[in-house]
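Encoded as structure tokens, the structure appears first; notes follow it.
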Amino acid sequence: MDEVDQIVAAWRRERPDADVSAMEVLSRVTRLAKHLDRLRKQAFAIADLDSWEWDVLAALRRTGPPYELSPGQLVAATMVTSGTMTNRVDRLVERDLVVRRADPADRRGVLVSLTPGGLSRVDAALDALLVREHQLLSGLSPTDRAAIAAGLAALTNSFGT
């Protein structure tokens, strides 16, 4: 029995009229998210990155060479506002992790590209993250992992994201 079981049992005792079954899943997701956030911060710290920096650099890295996107594409990939993205790109440029360049296909457009330093940092962060994530899931069988992934995908898809 874990803390969530205890919380659910208490609610069922105090409010037998309320269906608290959703808490059995979502309270665990919330607790897991907190653990995962700490784990990710530790992994990103190895590469001297903050979580928000990882989000932008990883979005660029996943595109493949030449590792560049427009600011609008970065906004969509990271789910932040355009103003937030402008601030983030400015800060990453200051750290020499990305550069801005004119978009050759659109004179008014800009592309954001990984620098060699940004590429090495995001790869180091990914390696550290994967080690930790695999450790976190080490107690689950491949079948259990697949079932959890499918269930979470179905839940996420219900939000349209």
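Going through the structure tokens in order, the chains are called A, B, and so on, while each chain numbers its residues from 1 and the ligands are numbered from 1 in the order shown.
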Neighbour list for range 36-47 of chain A as an NGL selection string, cut-off 6 Å, only C-alpha atoms, skip fewer than 4 positions in-chain: :A and (121 or 124-125 or 128-129)
Would you output that residue set with N, CA, C and O atoms, as a PDB file, in the first residue's frame?
ATOM      1  N   ARG A 121      26.164  19.750 -25.872  1.00  0.00           N
ATOM      2  CA  ARG A 121      25.451  19.834 -24.592  1.00  0.00           C
ATOM      3  C   ARG A 121      24.144  19.045 -24.625  1.00  0.00           C
ATOM      4  O   ARG A 121      23.826  18.342 -23.670  1.00  0.00           O
ATOM      5  N   ALA A 124      24.921  15.345 -24.499  1.00  0.00           N
ATOM      6  CA  ALA A 124      25.341  14.926 -23.155  1.00  0.00           C
ATOM      7  C   ALA A 124      24.136  14.851 -22.217  1.00  0.00           C
ATOM      8  O   ALA A 124      24.014  13.915 -21.416  1.00  0.00           O
ATOM      9  N   ALA A 125      23.239  15.817 -22.324  1.00  0.00           N
ATOM     10  CA  ALA A 125      22.043  15.816 -21.483  1.00  0.00           C
ATOM     11  C   ALA A 125      21.154  14.619 -21.820  1.00  0.00           C
ATOM     12  O   ALA A 125      20.602  13.976 -20.915  1.00  0.00           O
ATOM     13  N   ALA A 128      22.656  11.428 -20.276  1.00  0.00           N
ATOM     14  CA  ALA A 128      22.439  11.399 -18.830  1.00  0.00           C
ATOM     15  C   ALA A 128      20.970  11.136 -18.504  1.00  0.00           C
ATOM     16  O   ALA A 128      20.648  10.391 -17.573  1.00  0.00           O
ATOM     17  N   LEU A 129      20.081  11.733 -19.274  1.00  0.00           N
ATOM     18  CA  LEU A 129      18.644  11.548 -19.054  1.00  0.00           C
ATOM     19  C   LEU A 129      18.232  10.099 -19.289  1.00  0.00           C
ATOM     20  O   LEU A 129      17.495   9.510 -18.482  1.00  0.00           O
TER      21      LEU A 129
END
Selection near Ser27 in chain A, 10 Å with only C-alpha atoms, sequence-local residues under 6 positions removed, as a PyMOL selection string: chain A and resi 3-5+7-8+33
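Residue nearest Leu114 in chain A within the list A:Val98, A:Met79, A:Val93, A:Leu137: A:Val98 [criterion: smallest interatomic distance, only C-alpha atoms].
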DSSP-assigned helix (DSSP H, G or I) among range 36-161 of chain A, expressed as a VMD selection string: chain A and resid 36 to 46 51 to 61 71 to 78 82 to 94 116 to 136 142 to 157
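Minimum distance to Tyr67 in chain A across A:Ser113, A:Ser51, A:Thr81, A:Asn87 (counting only C-alpha atoms) occurs at A:Ser113.
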Two-atom distance - CA of Val89 in chain A, CA of Leu57 in chain A (Å): 9.8 Å
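From CA of Thr30 in chain A back to CA of Ala9 in chain A, the distance works out to 17.9 Å.
Using only C-alpha atoms, the residues found no farther than 12 Å from Asp55 in chain A, other than those of its own chain fewer than 3 positions away, are Arg40, Lys41, Phe44, Leu49, Asp50, Ser51, Trp52, Ala58, Ala59, Leu60, Arg61, Arg62, Leu74, Val75, Ala76, Ala77, Thr78, Met79, Val80, Met85, Arg88, Val89, Leu92, Val122, Ala125 and Leu126 of chain A.
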Chain A: residues DSSP assigns to strand (DSSP E or B), reported as a ChimeraX atom specification: /A:68-69,98-103,106-114
A:Ala154, A:Leu26, A:Leu32, A:Ala10 ranked by distance to Leu136 in chain A, top pick (using only C-alpha atoms): A:Leu32
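Each of A:Gln6, A:Glu53, A:Thr63, A:Val29 was compared to Arg91 in chain A using only C-alpha atoms, and A:Glu53 turns out to be the nearest.
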Distance of CA of Ala149 in chain A from CA of Asp19 in chain A, expressed in Å to one decimal place: 24.9 Å
